[in-house]
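Below: structure03.txt (compact mmCIF, C-alpha atoms)
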```
# COMPACT_ATOMS: atom_id res chain seq x y z
CA MET B 1 0.00 0.00 0.00
CA ALA B 2 1.50 3.32 -1.08
CA THR B 3 2.25 5.92 1.57
CA ALA B 4 0.37 9.17 1.10
CA GLN B 5 2.40 12.24 0.27
CA PRO B 6 2.97 14.49 3.29
CA LEU B 7 0.60 17.41 3.45
CA PRO B 8 1.98 20.95 3.18
CA GLU B 9 3.17 22.30 6.50
CA PRO B 10 0.23 24.76 6.97
CA LEU B 11 -2.18 21.78 6.91
CA GLN B 12 -0.23 19.30 9.02
CA GLY B 13 -1.60 18.11 12.36
CA ARG B 14 -4.99 19.77 12.12
CA SER B 15 -8.40 19.76 10.48
CA PHE B 16 -8.79 21.73 7.28
CA PHE B 17 -11.44 22.42 4.67
CA ILE B 18 -11.06 21.79 0.98
CA ALA B 19 -10.73 25.45 0.05
CA GLU B 20 -7.61 25.58 2.24
CA SER B 21 -6.07 22.52 0.60
CA ASP B 22 -6.88 23.97 -2.82
CA GLN B 23 -4.97 27.11 -1.89
CA CYS B 24 -2.01 24.91 -0.93
CA ASN B 25 -2.18 23.11 -4.34
CA VAL B 26 -3.19 19.79 -2.77
CA THR B 27 -4.97 17.58 -5.27
CA ARG B 28 -8.49 16.35 -4.58
CA ARG B 29 -7.17 12.81 -4.90
CA ARG B 30 -4.76 13.48 -2.02
CA THR B 31 -7.64 14.66 0.16
CA THR B 32 -9.31 11.25 -0.22
CA ALA B 33 -6.26 9.30 0.98
CA GLY B 34 -6.59 6.83 3.84
CA ASP B 35 -4.77 8.99 6.39
CA LEU B 36 -7.67 11.47 6.37
CA TYR B 37 -11.33 11.10 7.20
CA THR B 38 -14.33 13.25 6.37
CA PRO B 39 -16.45 14.23 9.41
CA SER B 40 -18.55 16.54 7.24
CA ARG B 41 -18.57 17.42 3.57
CA GLY B 42 -15.67 19.57 2.50
CA ILE B 43 -13.69 18.91 5.70
CA ARG B 44 -10.73 16.62 6.28
CA VAL B 45 -9.21 15.46 9.57
CA PRO B 46 -6.01 13.42 10.08
CA TRP B 47 -6.77 10.10 11.78
CA ASP B 48 -3.87 10.39 14.22
CA VAL B 49 -4.67 13.86 15.56
CA GLN B 50 -6.35 14.54 18.91
CA GLN B 51 -8.39 17.72 18.53
CA GLY B 52 -9.89 20.18 20.93
CA LEU B 53 -13.18 21.96 20.38
CA ASP B 54 -11.51 24.96 18.73
CA ASP B 55 -9.84 22.74 16.13
CA CYS B 56 -13.05 20.83 15.43
CA LEU B 57 -15.00 24.03 15.06
CA ARG B 58 -12.61 26.06 12.91
CA PRO B 59 -13.12 24.14 9.63
CA LEU B 60 -16.89 24.03 10.15
CA LEU B 61 -16.95 27.80 10.43
CA GLY B 62 -14.63 27.94 7.45
CA VAL B 63 -17.18 26.21 5.23
CA THR B 64 -20.07 28.10 6.88
CA PRO B 65 -18.58 31.60 7.17
CA ASP B 66 -21.88 33.35 7.93
CA ALA B 67 -22.60 31.12 10.95
CA ALA B 68 -21.50 31.42 14.57
CA ALA B 69 -20.91 28.83 17.27
CA SER B 70 -23.83 29.03 19.69
CA HIS B 71 -25.76 27.38 22.54
CA SER B 72 -23.80 24.69 24.42
CA THR B 73 -20.87 24.89 21.97
CA ALA B 74 -20.45 28.60 22.68
CA ALA B 75 -20.84 27.88 26.40
CA LEU B 76 -17.95 25.42 26.32
CA LEU B 77 -15.79 27.95 24.46
CA TRP B 78 -16.47 30.61 27.09
CA GLY B 79 -16.04 28.13 29.97
CA ILE B 80 -19.65 28.46 31.12
CA PRO B 81 -20.48 25.46 33.36
CA LEU B 82 -22.97 23.02 31.86
CA PRO B 83 -24.67 19.92 33.28
CA PRO B 84 -23.17 16.58 32.15
CA ARG B 85 -26.02 15.89 29.76
CA LEU B 86 -24.91 18.89 27.67
CA SER B 87 -21.17 19.12 28.29
CA GLY B 88 -20.73 15.54 27.04
CA ARG B 89 -22.62 16.04 23.76
CA PHE B 90 -20.62 15.88 20.52
CA ASP B 91 -22.93 17.87 18.24
CA ILE B 92 -21.59 21.32 17.38
CA HIS B 93 -24.19 24.08 17.50
CA LEU B 94 -24.08 26.66 14.71
CA SER B 95 -26.52 29.53 14.27
CA ARG B 96 -27.31 31.63 11.21
CA ASP B 97 -29.40 34.72 10.76
CA ALA B 98 -33.09 33.94 10.37
CA ALA B 99 -33.08 35.27 6.79
CA LYS B 100 -30.92 32.29 5.76
CA ASN B 101 -31.27 28.53 5.94
CA ARG B 102 -30.11 26.83 9.12
CA PRO B 103 -26.79 25.00 8.81
CA VAL B 104 -27.33 21.35 7.84
CA ARG B 105 -24.32 19.09 8.23
CA PHE B 106 -23.45 15.78 9.83
CA GLY B 107 -22.53 16.40 13.46
CA VAL B 108 -23.99 19.91 13.47
CA ALA B 109 -27.08 21.12 15.32
CA GLY B 110 -28.20 24.03 13.15
CA HIS B 111 -30.28 27.02 14.25
CA ARG B 112 -31.90 30.02 12.59
CA THR B 113 -32.17 33.12 14.76
CA ARG B 114 -32.18 36.90 14.78
CA PHE B 115 -28.89 38.43 15.83
CA SER B 116 -28.78 41.86 17.43
CA PRO B 117 -25.66 44.07 17.31
CA GLY B 118 -23.02 42.60 19.61
CA ASP B 119 -24.55 39.12 19.66
CA VAL B 120 -21.66 37.64 17.64
CA VAL B 121 -18.04 38.26 18.60
CA GLU B 122 -14.64 36.77 17.80
CA LEU B 123 -12.98 34.44 20.31
CA ARG B 124 -9.58 32.92 19.52
CA GLY B 125 -10.26 33.60 15.84
CA LEU B 126 -13.71 31.92 15.91
CA ARG B 127 -17.12 33.49 15.35
CA VAL B 128 -19.11 32.78 18.49
CA THR B 129 -22.16 34.19 20.24
CA SER B 130 -21.31 36.64 23.01
CA PRO B 131 -21.43 35.45 26.63
CA LEU B 132 -24.73 37.27 27.21
CA ARG B 133 -26.36 35.97 24.03
CA THR B 134 -25.09 32.47 24.83
CA TRP B 135 -26.72 32.63 28.29
CA LEU B 136 -30.01 33.75 26.76
CA ASP B 137 -29.89 30.85 24.28
CA LEU B 138 -29.17 28.42 27.12
CA ALA B 139 -32.31 29.60 28.91
CA GLY B 140 -34.31 27.43 26.53
CA VAL B 141 -32.50 24.19 27.43
CA LEU B 142 -31.27 24.53 31.04
CA ALA B 143 -33.25 24.01 34.23
CA LEU B 144 -33.63 27.07 36.44
CA ASP B 145 -30.82 26.27 38.89
CA GLU B 146 -28.49 25.29 36.03
CA LEU B 147 -29.17 28.64 34.38
CA VAL B 148 -28.49 30.46 37.65
CA ALA B 149 -25.13 28.66 37.94
CA ALA B 150 -24.27 29.67 34.37
CA GLY B 151 -25.22 33.27 35.18
CA ASP B 152 -23.23 33.24 38.43
CA PHE B 153 -20.18 32.25 36.38
CA LEU B 154 -20.67 35.10 33.90
CA VAL B 155 -21.10 37.86 36.50
CA CYS B 156 -18.49 36.60 38.97
CA GLU B 157 -15.84 39.11 39.97
CA HIS B 158 -13.41 39.51 42.86
CA ASP B 159 -10.05 41.07 43.65
CA ARG B 160 -8.37 39.09 46.40
CA ILE B 161 -4.86 39.40 47.79
CA PHE B 162 -4.14 35.98 46.28
CA GLY B 163 -4.73 34.75 42.75
CA PRO B 164 -5.59 36.78 39.67
CA LYS B 165 -8.27 39.44 39.65
CA ARG B 166 -11.49 38.12 38.17
CA VAL B 167 -13.43 40.38 35.82
CA PRO B 168 -17.05 39.53 34.90
CA LEU B 169 -17.78 38.42 31.35
CA VAL B 170 -21.18 40.10 31.72
CA PRO B 171 -22.09 42.76 34.31
CA LEU B 172 -25.01 41.65 36.49
CA GLN B 173 -27.05 44.73 35.57
CA ALA B 174 -26.63 44.01 31.84
CA LEU B 175 -27.74 40.40 32.28
CA GLN B 176 -30.80 41.40 34.30
CA HIS B 177 -31.70 44.12 31.79
CA ALA B 178 -31.48 41.67 28.88
CA ALA B 179 -33.71 39.17 30.69
CA ARG B 180 -36.32 41.78 31.61
CA HIS B 181 -36.52 43.29 28.15
CA GLY B 182 -36.24 40.15 26.03
CA PHE B 183 -39.38 39.06 24.20
CA ARG B 184 -40.43 36.26 21.88
CA ARG B 185 -37.43 34.19 22.85
CA ARG B 186 -37.49 30.55 23.90
CA GLY B 187 -36.85 30.29 27.63
CA ILE B 188 -37.25 34.01 28.37
CA VAL B 189 -39.47 33.32 31.41
CA ASN B 190 -36.78 30.97 32.72
CA ALA B 191 -34.18 33.68 32.09
CA ARG B 192 -36.17 36.28 34.01
CA GLN B 193 -36.57 34.00 37.01
CA ALA B 194 -32.86 33.08 36.94
CA ALA B 195 -31.72 36.70 36.62
CA GLU B 196 -33.36 37.55 39.94
CA LEU B 197 -31.46 34.73 41.69
CA ILE B 198 -27.99 35.40 40.25
CA ARG B 199 -25.41 36.91 42.60
CA VAL B 200 -21.87 38.20 42.13
CA GLY B 201 -19.09 36.13 43.70
CA ALA B 202 -19.94 32.43 43.27
CA ASP B 203 -16.98 30.46 41.93
CA SER B 204 -18.63 27.13 41.11
CA PRO B 205 -22.01 25.46 40.47
CA PRO B 206 -21.94 23.63 43.84
CA GLU B 207 -21.64 27.01 45.61
CA THR B 208 -24.65 28.21 43.63
CA ARG B 209 -26.57 25.06 44.53
CA ILE B 210 -25.84 25.50 48.23
CA ARG B 211 -26.80 29.16 48.16
CA LEU B 212 -30.12 28.47 46.43
CA SER B 213 -30.95 25.62 48.81
CA LEU B 214 -30.40 27.82 51.86
CA HIS B 215 -32.45 30.61 50.27
CA ARG B 216 -35.38 28.30 49.53
CA ALA B 217 -35.24 26.93 53.07
CA GLY B 218 -35.93 30.44 54.36
CA LEU B 219 -32.52 30.89 55.99
CA PRO B 220 -30.79 34.28 56.04
CA GLU B 221 -29.25 35.48 52.77
CA THR B 222 -25.66 34.35 52.39
CA VAL B 223 -22.94 36.85 51.46
CA LEU B 224 -20.41 36.20 48.69
CA ASN B 225 -16.97 37.80 48.44
CA HIS B 226 -16.91 38.41 52.19
CA VAL B 227 -13.45 38.82 53.75
CA VAL B 228 -12.83 37.74 57.35
CA LYS B 229 -10.21 39.91 59.05
CA ASP B 230 -8.42 39.71 62.37
CA ALA B 231 -8.15 42.52 64.94
CA ARG B 232 -5.29 44.11 63.00
CA GLY B 233 -7.21 44.10 59.73
CA ASN B 234 -5.25 41.23 58.22
CA HIS B 235 -7.14 38.97 55.81
CA VAL B 236 -7.73 35.58 57.41
CA SER B 237 -10.26 33.86 55.14
CA TRP B 238 -12.40 34.34 52.05
CA PRO B 239 -15.40 32.03 52.58
CA ASP B 240 -17.31 30.69 49.60
CA LEU B 241 -20.47 31.75 51.44
CA ALA B 242 -20.76 33.67 54.68
CA LEU B 243 -23.33 34.71 57.24
CA PRO B 244 -21.29 37.52 58.86
CA GLU B 245 -23.91 38.58 61.39
CA TRP B 246 -23.70 35.12 62.97
CA LYS B 247 -20.03 34.53 62.13
CA ILE B 248 -20.69 31.44 60.03
CA SER B 249 -18.40 30.50 57.15
CA ILE B 250 -19.50 27.93 54.55
CA GLU B 251 -16.87 26.29 52.36
CA TYR B 252 -17.44 23.85 49.51
CA ASP B 253 -14.49 21.45 49.42
CA GLY B 254 -13.88 20.28 45.86
CA GLU B 255 -11.42 17.63 44.74
CA HIS B 256 -8.34 19.80 45.32
CA HIS B 257 -9.13 19.92 49.06
CA ARG B 258 -8.32 16.20 49.32
CA SER B 259 -4.56 16.67 48.97
CA GLN B 260 -2.47 16.50 52.16
CA ARG B 261 -1.08 20.01 51.66
CA GLN B 262 -4.50 21.53 51.15
CA ARG B 263 -5.88 19.75 54.21
CA GLU B 264 -3.07 21.26 56.28
CA ILE B 265 -3.85 24.73 54.93
CA ASP B 266 -7.56 24.25 55.61
CA GLY B 267 -6.86 23.05 59.15
CA ALA B 268 -4.72 26.07 59.95
CA ARG B 269 -7.37 28.43 58.58
CA ASP B 270 -10.11 26.64 60.54
CA LEU B 271 -8.12 27.19 63.74
CA LEU B 272 -7.75 30.91 63.03
CA MET B 273 -11.46 31.18 62.31
CA ARG B 274 -12.36 29.50 65.62
CA GLN B 275 -10.06 31.88 67.48
CA LEU B 276 -11.98 34.77 65.90
CA GLY B 277 -15.32 33.29 67.01
CA TRP B 278 -16.36 32.01 63.60
CA ARG B 279 -18.10 28.69 62.99
CA GLN B 280 -16.57 27.02 59.93
CA LEU B 281 -18.75 24.58 57.96
CA ARG B 282 -17.24 22.40 55.26
CA ILE B 283 -19.48 20.78 52.65
CA THR B 284 -18.36 18.04 50.26
CA LYS B 285 -19.72 16.66 47.02
CA ALA B 286 -20.56 13.42 48.81
CA MET B 287 -22.77 15.32 51.25
CA LEU B 288 -24.66 17.00 48.41
CA ASP B 289 -25.06 13.75 46.49
CA LYS B 290 -26.06 11.55 49.43
CA ASP B 291 -29.04 13.44 50.78
CA GLY B 292 -29.78 16.07 48.20
CA ASP B 293 -29.47 19.42 49.98
CA LYS B 294 -31.32 18.44 53.15
CA ALA B 295 -28.18 17.66 55.15
CA VAL B 296 -26.59 20.97 54.18
CA VAL B 297 -29.68 22.98 55.13
CA ARG B 298 -29.88 21.14 58.46
CA MET B 299 -26.19 21.76 59.16
CA VAL B 300 -26.42 25.49 58.47
CA ARG B 301 -29.68 25.88 60.39
CA ASP B 302 -28.18 24.15 63.45
CA ALA B 303 -25.08 26.37 63.25
CA LEU B 304 -27.26 29.49 63.05
CA TYR B 305 -29.12 28.53 66.21
CA GLU B 306 -25.84 27.82 68.00
CA GLN B 307 -24.51 31.21 66.92
CA GLY B 308 -27.55 33.05 68.29
CA TRP B 309 -29.99 33.20 65.39
CA GLY B 310 -33.54 33.73 66.52
CA GLY B 311 -35.14 31.61 63.80
CA LEU B 312 -37.60 32.42 61.06
CA ALA B 313 -39.77 35.46 61.43
CA ALA B 314 -43.36 34.68 62.39
```
Starting from the coordinates I provided, produce the structure as structure tokens.
Amino acid sequence: MATAQPLPEPLQGRSFFIAESDQCNVTRRRTTAGDLYTPSRGIRVPWDVQQGLDDCLRPLLGVTPDAAASHSTAALLWGIPLPPRLSGRFDIHLSRDAAKNRPVRFGVAGHRTRFSPGDVVELRGLRVTSPLRTWLDLAGVLALDELVAAGDFLVCEHDRIFGPKRVPLVPLQALQHAARHGFRRRGIVNARQAAELIRVGADSPPETRIRLSLHRAGLPETVLNHVVKDARGNHVSWPDLALPEWKISIEYDGEHHRSQRQREIDGARDLLMRQLGWRQLRITKAMLDKDGDKAVVRMVRDALYEQGWGGLAA
């Protein structure tokens, strides 16, 4: 069996569309060789190449230049958290203006829509719906709490003495305005309900889930981005969620908290918090999964009573 001629350097190790290979003087016969496969018409992919979403998407946008990545595909590009049922899907979502036909290709979920100015932007050289437009599109497919978690991610901002400063992809006021004034859009009622529950400062979907559970249980509103300081004004802790009036700190311990070093850091911080009169609560994924949110609500309610909370208003 004859070995295929090497591709020109600009095409090596990546997907490409036929117009690109034509520009590099690659024959059509070469593009049908056994070292390439065709995921969609006009596109070629080397068999031995592991590709990320950007690389999979680039040739599709190349052969559909008036389309933009949208919905869950755009969410993955922006880093917006999605539930497993969507983040594990392989279909690529492309949207075109409503005046044109929806994209129809193997492996593509095509949409026709009306784009407003600013709805489509460029990200890493790819046409993609803006973070705000992506969130509005997701409102038609996500459950309420999932949409709140996505919104929390978009509006999150903080400037701590450790780690990089986080700037929101969408200001909270802009997101709420878009939800209130959007009409004739799938999921707009869901978006309006979610917009009222979104808060600035949540770093992960589990934090959002905990916050919403405590809110629905009628417990006091938790504070995000709260800084606990000692008597000299030194920063001691930055709780995921806090109830400062009752000196309660709520931390969600993800996978990275299981390392020995992180446990030592957490233990030292817990000691400092106790010395300052704070009650530190640590919540794990196992706790959320085992008993829904009931155990978490019970834990926080008990801590509130112990810290002097008078209970629900009559």
Worksheet item: With only C-alpha atoms as the basis for distance, which of B:Leu132, B:Asn225, B:Ala194, B:His215 is at the shortest distance from B:Asp159?
Response: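 The shortest atom-to-atom distance to B:Asp159 comes from B:Asn225.
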Item to complete: Quick one: everything within 12 Å of B:Arg124, counting only C-alpha atoms, minus sequence neighbours fewer than 2 positions away in the same chain. Send it as number ranges by chain.
Response: B: 53-55, 57-58, 77-78, 121-122, 126-128
Export, as an mmCIF file, in the coordinates of the input, the selected residues with C-alpha atoms.
```cif
data_model
loop_
_atom_site.group_PDB
_atom_site.id
_atom_site.type_symbol
_atom_site.label_atom_id
_atom_site.label_comp_id
_atom_site.auth_asym_id
_atom_site.auth_seq_id
_atom_site.Cartn_x
_atom_site.Cartn_y
_atom_site.Cartn_z
ATOM 1 C CA LEU B 53 -13.180 21.960 20.380
ATOM 2 C CA ASP B 54 -11.510 24.960 18.730
ATOM 3 C CA ASP B 55 -9.840 22.740 16.130
ATOM 4 C CA LEU B 57 -15.000 24.030 15.060
ATOM 5 C CA ARG B 58 -12.610 26.060 12.910
ATOM 6 C CA LEU B 77 -15.790 27.950 24.460
ATOM 7 C CA TRP B 78 -16.470 30.610 27.090
ATOM 8 C CA VAL B 121 -18.040 38.260 18.600
ATOM 9 C CA GLU B 122 -14.640 36.770 17.800
ATOM 10 C CA LEU B 126 -13.710 31.920 15.910
ATOM 11 C CA ARG B 127 -17.120 33.490 15.350
ATOM 12 C CA VAL B 128 -19.110 32.780 18.490
#
```
Worksheet item: When distances are computed from all atoms listed in the file, which of B:Gly13, B:Pro171, B:Pro8, B:Gly107 shows the smallest separation from B:Ala195?
Response: B:Pro171
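The neighbours of B:Leu86 here are the residues that come within 12 Å of it, using all atoms listed in the file and leaving out any residue fewer than 5 positions away in the same chain; they are His71, Ser72, Thr73, Ala74, Ala75, Leu76, Ile80, Pro81, Asp91, Ile92, His93, Leu138, Val141, Leu142, Ala143 and Glu146 of chain B.
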Worksheet entry | Nearest residue to B:Gly201 from the set B:Asp240, B:Glu306, B:Asp253, B:Asp22 (distances using all atoms listed in the file) |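 Looking only at the distances to B:Gly201, the closest residue turns out to be B:Asp240.
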Item to complete: Could you check how far atom CA of B:Asn25 sits from atom CA of B:Gly52, in Å to one decimal?
Response: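 Answer for the atom CA of B:Asn25 to atom CA of B:Gly52 separation: 26.6 Å.
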Worksheet item: To one decimal place, how far is atom CA of B:Val296 from atom CA of B:Arg209 in Å?
Response: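 About the pair atom CA of B:Val296 and atom CA of B:Arg209: they are 10.5 Å apart.
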Item to complete: Counting all atoms listed in the file, figure out which residue out of B:Leu36, B:Val148, B:Val223, B:Val236 gets nearest to B:Pro6.
Response: B:Leu36
Practice prompt. In the coordinate frame of the file, compute which residues have an atom within 8 Å of (-28.4, 37.6, 23.0) when using only C-alpha atoms, and state them as a list in words.
Written response: Phe115, Ser116, Asp119, Thr129, Ser130, Leu132, Arg133, Thr134, Trp135, Leu136, Asp137 and Ala178 of chain B
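Proximity ranking of B:Arg216, B:Ile198, B:Arg274, B:Arg14 relative to B:Leu172 places B:Ile198 first, based on only C-alpha atoms.
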Provide stretch 44-80 of chain B of the preceding structure as a file containing N, CA and C atoms, as a PDB file, in the first residue's frame.
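Contents of out38.pdb, freshly written:
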```
ATOM      1  N   ARG B  44     -11.615  17.767   6.101  1.00  0.00           N
ATOM      2  CA  ARG B  44     -10.733  16.615   6.282  1.00  0.00           C
ATOM      3  C   ARG B  44     -10.026  16.709   7.627  1.00  0.00           C
ATOM      4  N   VAL B  45      -9.864  15.531   8.271  1.00  0.00           N
ATOM      5  CA  VAL B  45      -9.212  15.460   9.574  1.00  0.00           C
ATOM      6  C   VAL B  45      -8.214  14.312   9.562  1.00  0.00           C
ATOM      7  N   PRO B  46      -6.965  14.530   9.966  1.00  0.00           N
ATOM      8  CA  PRO B  46      -6.013  13.423  10.076  1.00  0.00           C
ATOM      9  C   PRO B  46      -6.456  12.427  11.140  1.00  0.00           C
ATOM     10  N   TRP B  47      -6.330  11.132  10.849  1.00  0.00           N
ATOM     11  CA  TRP B  47      -6.767  10.099  11.779  1.00  0.00           C
ATOM     12  C   TRP B  47      -5.992  10.136  13.089  1.00  0.00           C
ATOM     13  N   ASP B  48      -4.733  10.519  13.044  1.00  0.00           N
ATOM     14  CA  ASP B  48      -3.868  10.395  14.225  1.00  0.00           C
ATOM     15  C   ASP B  48      -3.782  11.676  15.046  1.00  0.00           C
ATOM     16  N   VAL B  49      -4.726  12.584  14.871  1.00  0.00           N
ATOM     17  CA  VAL B  49      -4.673  13.864  15.562  1.00  0.00           C
ATOM     18  C   VAL B  49      -5.780  13.964  16.605  1.00  0.00           C
ATOM     19  N   GLN B  50      -5.390  14.261  17.856  1.00  0.00           N
ATOM     20  CA  GLN B  50      -6.351  14.538  18.913  1.00  0.00           C
ATOM     21  C   GLN B  50      -6.702  16.026  18.853  1.00  0.00           C
ATOM     22  N   GLN B  51      -7.986  16.335  18.746  1.00  0.00           N
ATOM     23  CA  GLN B  51      -8.386  17.716  18.533  1.00  0.00           C
ATOM     24  C   GLN B  51      -9.252  18.249  19.665  1.00  0.00           C
ATOM     25  N   GLY B  52      -9.028  19.494  19.988  1.00  0.00           N
ATOM     26  CA  GLY B  52      -9.894  20.179  20.928  1.00  0.00           C
ATOM     27  C   GLY B  52     -11.081  20.787  20.201  1.00  0.00           C
ATOM     28  N   LEU B  53     -11.967  21.392  20.970  1.00  0.00           N
ATOM     29  CA  LEU B  53     -13.176  21.961  20.381  1.00  0.00           C
ATOM     30  C   LEU B  53     -12.849  23.051  19.369  1.00  0.00           C
ATOM     31  N   ASP B  54     -11.868  23.890  19.668  1.00  0.00           N
ATOM     32  CA  ASP B  54     -11.511  24.959  18.733  1.00  0.00           C
ATOM     33  C   ASP B  54     -11.129  24.392  17.374  1.00  0.00           C
ATOM     34  N   ASP B  55     -10.308  23.330  17.383  1.00  0.00           N
ATOM     35  CA  ASP B  55      -9.837  22.745  16.128  1.00  0.00           C
ATOM     36  C   ASP B  55     -10.957  22.052  15.369  1.00  0.00           C
ATOM     37  N   CYS B  56     -11.896  21.454  16.095  1.00  0.00           N
ATOM     38  CA  CYS B  56     -13.050  20.830  15.432  1.00  0.00           C
ATOM     39  C   CYS B  56     -13.966  21.880  14.814  1.00  0.00           C
ATOM     40  N   LEU B  57     -14.069  23.003  15.491  1.00  0.00           N
ATOM     41  CA  LEU B  57     -15.005  24.035  15.061  1.00  0.00           C
ATOM     42  C   LEU B  57     -14.479  24.875  13.907  1.00  0.00           C
ATOM     43  N   ARG B  58     -13.182  25.120  13.897  1.00  0.00           N
ATOM     44  CA  ARG B  58     -12.614  26.058  12.915  1.00  0.00           C
ATOM     45  C   ARG B  58     -12.942  25.691  11.472  1.00  0.00           C
ATOM     46  N   PRO B  59     -12.767  24.449  11.030  1.00  0.00           N
ATOM     47  CA  PRO B  59     -13.116  24.138   9.633  1.00  0.00           C
ATOM     48  C   PRO B  59     -14.607  24.232   9.352  1.00  0.00           C
ATOM     49  N   LEU B  60     -15.443  23.905  10.351  1.00  0.00           N
ATOM     50  CA  LEU B  60     -16.889  24.027  10.147  1.00  0.00           C
ATOM     51  C   LEU B  60     -17.290  25.477   9.910  1.00  0.00           C
ATOM     52  N   LEU B  61     -16.676  26.386  10.660  1.00  0.00           N
ATOM     53  CA  LEU B  61     -16.947  27.799  10.427  1.00  0.00           C
ATOM     54  C   LEU B  61     -16.325  28.262   9.114  1.00  0.00           C
ATOM     55  N   GLY B  62     -15.245  27.591   8.726  1.00  0.00           N
ATOM     56  CA  GLY B  62     -14.628  27.944   7.446  1.00  0.00           C
ATOM     57  C   GLY B  62     -15.525  27.652   6.259  1.00  0.00           C
ATOM     58  N   VAL B  63     -16.282  26.558   6.335  1.00  0.00           N
ATOM     59  CA  VAL B  63     -17.184  26.209   5.234  1.00  0.00           C
ATOM     60  C   VAL B  63     -18.579  26.799   5.448  1.00  0.00           C
ATOM     61  N   THR B  64     -18.801  27.427   6.601  1.00  0.00           N
ATOM     62  CA  THR B  64     -20.073  28.105   6.879  1.00  0.00           C
ATOM     63  C   THR B  64     -19.743  29.485   7.444  1.00  0.00           C
ATOM     64  N   PRO B  65     -19.148  30.351   6.644  1.00  0.00           N
ATOM     65  CA  PRO B  65     -18.583  31.596   7.172  1.00  0.00           C
ATOM     66  C   PRO B  65     -19.602  32.587   7.733  1.00  0.00           C
ATOM     67  N   ASP B  66     -20.876  32.419   7.399  1.00  0.00           N
ATOM     68  CA  ASP B  66     -21.884  33.345   7.928  1.00  0.00           C
ATOM     69  C   ASP B  66     -22.558  32.801   9.182  1.00  0.00           C
ATOM     70  N   ALA B  67     -22.044  31.713   9.731  1.00  0.00           N
ATOM     71  CA  ALA B  67     -22.602  31.118  10.953  1.00  0.00           C
ATOM     72  C   ALA B  67     -21.712  31.445  12.148  1.00  0.00           C
ATOM     73  N   ALA B  68     -22.252  31.220  13.330  1.00  0.00           N
ATOM     74  CA  ALA B  68     -21.500  31.420  14.569  1.00  0.00           C
ATOM     75  C   ALA B  68     -21.747  30.246  15.502  1.00  0.00           C
ATOM     76  N   ALA B  69     -20.724  29.849  16.240  1.00  0.00           N
ATOM     77  CA  ALA B  69     -20.909  28.830  17.273  1.00  0.00           C
ATOM     78  C   ALA B  69     -21.862  29.382  18.330  1.00  0.00           C
ATOM     79  N   SER B  70     -22.790  28.538  18.782  1.00  0.00           N
ATOM     80  CA  SER B  70     -23.832  29.033  19.688  1.00  0.00           C
ATOM     81  C   SER B  70     -24.221  27.961  20.701  1.00  0.00           C
ATOM     82  N   HIS B  71     -25.181  28.305  21.559  1.00  0.00           N
ATOM     83  CA  HIS B  71     -25.761  27.380  22.536  1.00  0.00           C
ATOM     84  C   HIS B  71     -24.671  26.691  23.367  1.00  0.00           C
ATOM     85  N   SER B  72     -24.744  25.372  23.534  1.00  0.00           N
ATOM     86  CA  SER B  72     -23.798  24.695  24.417  1.00  0.00           C
ATOM     87  C   SER B  72     -22.378  24.730  23.868  1.00  0.00           C
ATOM     88  N   THR B  73     -22.223  24.790  22.542  1.00  0.00           N
ATOM     89  CA  THR B  73     -20.873  24.890  21.969  1.00  0.00           C
ATOM     90  C   THR B  73     -20.228  26.206  22.375  1.00  0.00           C
ATOM     91  N   ALA B  74     -20.966  27.296  22.258  1.00  0.00           N
ATOM     92  CA  ALA B  74     -20.446  28.598  22.685  1.00  0.00           C
ATOM     93  C   ALA B  74     -20.173  28.597  24.183  1.00  0.00           C
ATOM     94  N   ALA B  75     -21.039  27.944  24.956  1.00  0.00           N
ATOM     95  CA  ALA B  75     -20.837  27.881  26.404  1.00  0.00           C
ATOM     96  C   ALA B  75     -19.516  27.206  26.748  1.00  0.00           C
ATOM     97  N   LEU B  76     -19.210  26.103  26.064  1.00  0.00           N
ATOM     98  CA  LEU B  76     -17.946  25.416  26.316  1.00  0.00           C
ATOM     99  C   LEU B  76     -16.757  26.287  25.945  1.00  0.00           C
ATOM    100  N   LEU B  77     -16.874  27.060  24.867  1.00  0.00           N
ATOM    101  CA  LEU B  77     -15.787  27.945  24.455  1.00  0.00           C
ATOM    102  C   LEU B  77     -15.542  29.039  25.490  1.00  0.00           C
ATOM    103  N   TRP B  78     -16.602  29.551  26.084  1.00  0.00           N
ATOM    104  CA  TRP B  78     -16.473  30.611  27.094  1.00  0.00           C
ATOM    105  C   TRP B  78     -16.155  30.048  28.472  1.00  0.00           C
ATOM    106  N   GLY B  79     -16.276  28.730  28.651  1.00  0.00           N
ATOM    107  CA  GLY B  79     -16.040  28.132  29.965  1.00  0.00           C
ATOM    108  C   GLY B  79     -17.245  28.131  30.861  1.00  0.00           C
ATOM    109  N   ILE B  80     -18.432  28.429  30.324  1.00  0.00           N
ATOM    110  CA  ILE B  80     -19.652  28.457  31.121  1.00  0.00           C
ATOM    111  C   ILE B  80     -19.979  27.038  31.589  1.00  0.00           C
TER     112      ILE B  80
END
```
